[in-house]
Amino acid sequence: MIRRRSDLVLSREPSARLVPWIIGLMTYLACLMLAGALLLSELLDQWTSDLTGTVTVQVMPMEGEPPDVIEDRVDKLVRLLQRSRGVASARSIPLPEITAMLEPWLGAGASLEALPLPRLIDVELDETSPPSVGALRTMLSNADPGAVLDDHGIWQEQLSGLIGALGTVAGFIVILVAVATVGIVVFATRSGMAAHQDVIEVLHLIGARDVFIARQFQNLALSQGLRGGLIGIALGAATLWGLGRAAAHLDTSMLPPVSLLAWHWGVLAALPLATALIANWTAKRTVVRSLRKLV
Amino acid sequence: MRYGTGPEVLREVTFSLAPGSFHFLTGRSGAGKSSLLKLMYLAHRPSRGLITLFDEDIATAPRKRLPLLRRRVGVVFQEFRLLNHLSAFDNVALPLQVAGVRDSTVRKNVRELLNWTGLADHMKARPPTLSGGQQQRVAIARAIIAKPSLLLADEPTGNVDEAMGVRLLYLFEELNRMGTTVVIATHSEALISRFQHPVLHLEDGVLTTRQASAARGSSSDDAPSPSAAEAKP
Ligand SMILES: Nc1ncnc2c1ncn2[C@@H]1O[C@H](COP(=O)(O)OP(=O)(O)OP(=O)(O)O)[C@@H](O)[C@H]1O
Ligand SMILES: [Mg+2]
C-alpha cells in the first residue's frame with residue numbers, strides 16, 4: 001500500500017516515454033563513433049607495427065640505360081644490403097611481380113616491358129638492432145645514385161595524421177552526443193517539473209529538502225538514461241556485428257584484419273551506465289538549481 | 001508584504017504567539033489572511049519587516065535550515081493541495097516520509113490518524129473521488145500527522161456543515177491541549193463565539209488583537225518550543 005520513499009510523488013507523464021528512445025538514438029550514435037575510433041586506433045597500431053619491420057628500396061632506371069644494366073645495379077645493391085648490419089634479409093622483387101602489381105592501374109594489355117620501370121628491393125630489418133634510417137639512406141645513395149630508400153615514413157605519417165583526425169572527429173561527436181543527452185534530460189526534467197509544479201510546492205512546504213525533491217526526478221532520469229543506453233547499445237552491437245560479418249566476406253589484401261578487442265567491448269558496454277549517470281546528475285542539477293528560486 | 005509590484009497587502013502587523021496558544025484569524029475576504037499565513041509557513045518572504053519563527057529570524061536563517069522549520073509547522077491549505085495521484089493514505093504519510101521516518105512507523109501512525117478522523121474506509125481512495133469534507137479531513141490529517149509545534153489552518157471548516165465544523169474544531173483543541181500552537185483563519189462568527197479564543201483581526205493591512213470575552217488558560221509551560229511570529233512595519 002505504501003510507496004517507496006524514492007518514487008512516491010511523480011505521476012506518469014506520457015511525454016516521458018519518448019525520452020529513453022531519444023537517449024537510445026544518441027547512445028547508438030556514440031556507440032558507432034566510439035567503435036569507429038577504437039577500430040581506427042587499433043588499425044593504426046597494427047599498421048605501424050607491420051611497417052617498421054620492412055623498408056623498400058627503389059632503383060630508378062637511368063636515362064638511356066640498356067635494360068640489363070639495371071639488373072646488375074639491383075643485384076649489387078641486394079648484396080650490399082645483405083652484408084649491412086641491421087638488415088635481416090634483402091630480396092629483389094622480380095619484374096613479373098612488379099608488373100602484376102601495376103596491372104590494375106595500367107591495364108593488362110599494356111606492354112610494360114617497354115616502360116622504364118623502377119625496380120624494387122624488399123628489405124627486412126633486424127628487429128633486435130634496427131639500423132638508423134639515415135645511415136642506410138646515405139650508404140645506398142653512395143653506392144648507387146639511382147637508389148631511393150622508401151621507409152614508408154611519410155606515408156605512415158600522413159596515414160596516422162588522417163586516422164588521428166578521424167579519431168578526433170569521432171571523439172568530438174561522442175562529446176556532442178553527451179552534451180545533447182544532457183540537453184534532453186534538462187528539457188525533460190524541466191517539463192516534468194512544470195507538470196508537477198503543484199507536487200513540488202506541496203513537498204517544499206511540508207519541509208522536503210531540495211535533494212529529496214530532486215531525487216524523485218533523478219530516479220526517473222536514471223531509469224530513462226539506463227533504458228535509453230541499453231536501447232542504443234543493443235542497436236549499436238547489432239550494427240557492429242552486421243558490419244563485422246560484411247567485412248569478413250571482403251577481400252582484405254589492402255587492410256590488415258582488425259576487430260574490436262575485449263576491452264573495446266567493455267568501453268562500449270559502459271555506455272548505458274554513462275548515460276544513466278549523466279541523466280541522473282543532470283536531473284539533480286536541474287531540479288536543485290530551479291528549487292533555489294523558492295524561498 | 002506585497003505580491004510582485006502590487007499594493008502592500010499587509011502593512012502594520014505586529015503580534016506574537018505564545019507557545020501553546022489558540023487564535024482565530026479573521027477579516028473580510030481579501031483582507032490578507034491567507035497572505036499572513038503564507039508568511040508564517042515560509043511560502044513567502046516579507047518585503048519588509050521582521051519574522052521570527054521558533055526563535056529563529058527568518059531573514060537571516062540559512063536556507064538549509066528552513067525545511068527543518070517547515071516540518072514543525074502543519075498547514076491546512078485553503079484549497080487543500082492534496083496530491084491527486086496519491087491515495088489518501090499516501091497523502092497523509094507524506095510529511096513523515098519527507099522527514100525520513102521509518103516506513104513501519106509511518107504505516108502505524110497514518111492508519112491510526114485516519115481511523116481517528118473517520119477516514120478508515122477511504123485510505124486507498126484518491127482525493128478526487130472523495131467528498132469536499134473528506135478531502136478537508138485528509139488535508140487536516142496531513143497537517144497534524146507529524147505533530148507540529150504550530151498548526152496553521154486556512155478556513156478548515158469552509159467545506160463542511162456546521163456540525164462537522166464543530167467536530168473539527170474539537171480536534172484542533174485536542175491538538176492544542178497536547179502543546180501545539182494553533183491559528184485558524186475563518187469567516188465563521190458562530191465558531192468564534194462558540195470557542196472563545198483570542199482573535200487576530202485584519203483590516204486594510206493592519207492587524208488588531210481582540211481577547212476572547214471569556215479567556216481560557218492557553219499557555220503551557222512544557223510547550224515544545226516558543227513560537228512567535230512578528231512582522232513590524
Ligand atoms: N498570488 C497572488 N498574487 C497577487 N496577489 C495576490 C495573490 N494572492 C493574494 N493576492 C492579493 O492579496 C490580497 C489578500 O489576499 P488573501 O488571499 O491573503 O486574502 P484572504 O484574507 O485570505 O481572503 P479570503 O478570505 O477570500 O481567503 C488580495 O487583494 C489578493 O488579490
Ligand atoms: Mg484566504
# chains A, B, ... in the order shown; residues from 1 in each chain; ligands from 1
call {"tool": "interface_residues", "arguments": {"of": "chain A", "to": "chain B", "cutoff": "6 Å", "atoms": "only C-alpha atoms", "output": "short mmCIF file (atom, residue, chain, number, x, y, z; two decimals) with C-alpha atoms, in the first residue's frame"}}
result
data_model
loop_
_atom_site.label_atom_id
_atom_site.label_comp_id
_atom_site.auth_asym_id
_atom_site.auth_seq_id
_atom_site.Cartn_x
_atom_site.Cartn_y
_atom_site.Cartn_z
CA ILE A 206 5.85 20.37 4.16
CA GLY A 207 9.58 20.58 4.68
CA ALA A 208 11.13 18.47 1.94
CA ARG A 209 14.74 19.34 1.21
#
call {"tool": "residues_around", "arguments": {"residues": "Cys31 (chain A)", "least_positions_apart": "6", "cutoff": "8 Å", "atoms": "only C-alpha atoms", "output": "MDAnalysis selection string"}}
result
chainID A and resid 232:233 236 268 271
call {"tool": "closest_atom_pairs", "arguments": {"of": "chain B", "to": "ligand 2", "cutoff": "8 Å", "atoms": "only C-alpha atoms and all ligand atoms", "output": "CSV"}}
result
residue,atom,partner,partner_atom_place_in_ligand_line,distance
B:Ser29,CA,ligand 2,1 (Mg),6.9
B:Gly30,CA,ligand 2,1 (Mg),6.9
B:Gly32,CA,ligand 2,1 (Mg),6.8
B:Lys33,CA,ligand 2,1 (Mg),5.4
B:Ser34,CA,ligand 2,1 (Mg),4.0
B:Ser35,CA,ligand 2,1 (Mg),7.2
B:Gln78,CA,ligand 2,1 (Mg),6.3
B:Asp154,CA,ligand 2,1 (Mg),6.5
B:Glu155,CA,ligand 2,1 (Mg),7.3
B:Ala185,CA,ligand 2,1 (Mg),7.8
call {"tool": "residues_near_ligand", "arguments": {"ligand": "ligand 1", "cutoff": "12 Å", "atoms": "only C-alpha atoms and all ligand atoms", "output": "JSON, numbers by chain"}}
result
{"B": [1, 2, 3, 4, 5, 6, 7, 8, 9, 10, 11, 25, 26, 27, 28, 29, 30, 31, 32, 33, 34, 35, 36, 37, 38, 39, 43, 44, 77, 78, 79, 153, 154, 155, 156, 158, 184, 185, 186, 187, 188, 200, 201, 202, 203, 204, 205, 206, 207]}
call {"tool": "select_by_dssp", "arguments": {"residues": "region 66-175 of chain B", "states": "alpha helix (DSSP H)", "output": "ChimeraX atom specification"}}
result
/B:66-71,88-98,103-116,132-144,162-175
call {"tool": "select_by_dssp", "arguments": {"residues": "region 85-229 of chain B", "states": "strand (DSSP E or B)", "output": "PyMOL selection string"}}
result
chain B and resi 150-154+181-185+199-203+206-210
call {"tool": "write_last_selection", "arguments": {"atoms": "N, CA, C and O atoms", "output": "PDB file, in the first residue's frame"}}
result
ATOM      1  N   LEU B 150       3.409  24.163  15.497  1.00  0.00           N
ATOM      2  CA  LEU B 150       2.496  25.247  15.113  1.00  0.00           C
ATOM      3  C   LEU B 150       1.572  24.727  14.023  1.00  0.00           C
ATOM      4  O   LEU B 150       2.023  24.159  13.033  1.00  0.00           O
ATOM      5  N   LEU B 151       0.269  24.896  14.237  1.00  0.00           N
ATOM      6  CA  LEU B 151      -0.695  24.472  13.222  1.00  0.00           C
ATOM      7  C   LEU B 151      -1.379  25.699  12.646  1.00  0.00           C
ATOM      8  O   LEU B 151      -1.942  26.510  13.370  1.00  0.00           O
ATOM      9  N   LEU B 152      -1.313  25.837  11.323  1.00  0.00           N
ATOM     10  CA  LEU B 152      -1.966  26.944  10.640  1.00  0.00           C
ATOM     11  C   LEU B 152      -3.051  26.355   9.750  1.00  0.00           C
ATOM     12  O   LEU B 152      -2.778  25.506   8.917  1.00  0.00           O
ATOM     13  N   ALA B 153      -4.302  26.793   9.981  1.00  0.00           N
ATOM     14  CA  ALA B 153      -5.402  26.248   9.190  1.00  0.00           C
ATOM     15  C   ALA B 153      -6.145  27.393   8.529  1.00  0.00           C
ATOM     16  O   ALA B 153      -6.616  28.310   9.198  1.00  0.00           O
ATOM     17  N   ASP B 154      -6.227  27.326   7.193  1.00  0.00           N
ATOM     18  CA  ASP B 154      -6.869  28.391   6.423  1.00  0.00           C
ATOM     19  C   ASP B 154      -8.276  27.954   6.070  1.00  0.00           C
ATOM     20  O   ASP B 154      -8.461  27.111   5.193  1.00  0.00           O
ATOM     21  N   THR B 181       0.642  25.069  19.124  1.00  0.00           N
ATOM     22  CA  THR B 181       0.114  26.421  18.950  1.00  0.00           C
ATOM     23  C   THR B 181      -0.773  26.411  17.705  1.00  0.00           C
ATOM     24  O   THR B 181      -0.383  25.862  16.672  1.00  0.00           O
ATOM     25  N   VAL B 182      -1.974  26.994  17.807  1.00  0.00           N
ATOM     26  CA  VAL B 182      -2.929  26.879  16.702  1.00  0.00           C
ATOM     27  C   VAL B 182      -3.375  28.262  16.240  1.00  0.00           C
ATOM     28  O   VAL B 182      -3.667  29.139  17.053  1.00  0.00           O
ATOM     29  N   VAL B 183      -3.408  28.447  14.911  1.00  0.00           N
ATOM     30  CA  VAL B 183      -4.005  29.651  14.328  1.00  0.00           C
ATOM     31  C   VAL B 183      -4.982  29.200  13.251  1.00  0.00           C
ATOM     32  O   VAL B 183      -4.617  28.439  12.354  1.00  0.00           O
ATOM     33  N   ILE B 184      -6.236  29.656  13.368  1.00  0.00           N
ATOM     34  CA  ILE B 184      -7.250  29.234  12.412  1.00  0.00           C
ATOM     35  C   ILE B 184      -7.874  30.456  11.756  1.00  0.00           C
ATOM     36  O   ILE B 184      -8.458  31.311  12.431  1.00  0.00           O
ATOM     37  N   ALA B 185      -7.718  30.548  10.453  1.00  0.00           N
ATOM     38  CA  ALA B 185      -8.370  31.624   9.713  1.00  0.00           C
ATOM     39  C   ALA B 185      -9.798  31.199   9.421  1.00  0.00           C
ATOM     40  O   ALA B 185     -10.035  30.078   8.948  1.00  0.00           O
ATOM     41  N   VAL B 199      -8.791  36.663  19.114  1.00  0.00           N
ATOM     42  CA  VAL B 199      -8.974  36.846  17.680  1.00  0.00           C
ATOM     43  C   VAL B 199      -7.952  37.854  17.143  1.00  0.00           C
ATOM     44  O   VAL B 199      -7.770  38.929  17.705  1.00  0.00           O
ATOM     45  N   LEU B 200      -7.293  37.463  16.065  1.00  0.00           N
ATOM     46  CA  LEU B 200      -6.441  38.391  15.327  1.00  0.00           C
ATOM     47  C   LEU B 200      -7.287  38.887  14.164  1.00  0.00           C
ATOM     48  O   LEU B 200      -7.776  38.095  13.364  1.00  0.00           O
ATOM     49  N   HIS B 201      -7.454  40.194  14.062  1.00  0.00           N
ATOM     50  CA  HIS B 201      -8.338  40.732  13.027  1.00  0.00           C
ATOM     51  C   HIS B 201      -7.546  41.582  12.038  1.00  0.00           C
ATOM     52  O   HIS B 201      -6.800  42.465  12.428  1.00  0.00           O
ATOM     53  N   LEU B 202      -7.730  41.280  10.752  1.00  0.00           N
ATOM     54  CA  LEU B 202      -7.014  42.011   9.694  1.00  0.00           C
ATOM     55  C   LEU B 202      -7.969  42.948   8.984  1.00  0.00           C
ATOM     56  O   LEU B 202      -9.076  42.567   8.596  1.00  0.00           O
ATOM     57  N   GLU B 203      -7.530  44.193   8.806  1.00  0.00           N
ATOM     58  CA  GLU B 203      -8.338  45.135   8.044  1.00  0.00           C
ATOM     59  C   GLU B 203      -7.418  46.170   7.435  1.00  0.00           C
ATOM     60  O   GLU B 203      -6.601  46.777   8.141  1.00  0.00           O
ATOM     61  N   VAL B 206      -3.845  46.117   8.361  1.00  0.00           N
ATOM     62  CA  VAL B 206      -3.486  46.364   9.756  1.00  0.00           C
ATOM     63  C   VAL B 206      -4.059  45.254  10.621  1.00  0.00           C
ATOM     64  O   VAL B 206      -5.213  44.853  10.454  1.00  0.00           O
ATOM     65  N   LEU B 207      -3.249  44.733  11.528  1.00  0.00           N
ATOM     66  CA  LEU B 207      -3.701  43.645  12.393  1.00  0.00           C
ATOM     67  C   LEU B 207      -4.007  44.180  13.799  1.00  0.00           C
ATOM     68  O   LEU B 207      -3.219  44.912  14.385  1.00  0.00           O
ATOM     69  N   THR B 208      -5.191  43.804  14.304  1.00  0.00           N
ATOM     70  CA  THR B 208      -5.525  44.149  15.689  1.00  0.00           C
ATOM     71  C   THR B 208      -5.858  42.875  16.438  1.00  0.00           C
ATOM     72  O   THR B 208      -6.305  41.890  15.842  1.00  0.00           O
ATOM     73  N   THR B 209      -5.601  42.875  17.713  1.00  0.00           N
ATOM     74  CA  THR B 209      -5.860  41.690  18.533  1.00  0.00           C
ATOM     75  C   THR B 209      -7.034  41.952  19.469  1.00  0.00           C
ATOM     76  O   THR B 209      -7.145  43.022  20.055  1.00  0.00           O
ATOM     77  N   ARG B 210      -7.928  40.985  19.530  1.00  0.00           N
ATOM     78  CA  ARG B 210      -9.097  41.120  20.402  1.00  0.00           C
ATOM     79  C   ARG B 210      -9.110  39.885  21.306  1.00  0.00           C
ATOM     80  O   ARG B 210      -9.083  38.753  20.827  1.00  0.00           O
TER      81      ARG B 210
END
call {"tool": "residues_around", "arguments": {"residues": "Arg137 (chain B)", "least_positions_apart": "5", "cutoff": "12 Å", "atoms": "only C-alpha atoms", "output": "ChimeraX atom specification"}}
result
/B:76-77,80,82,88-89,91-92,113-120,122-123,127,130-132,142-145,153,156-160,164-165,167-169,171-172
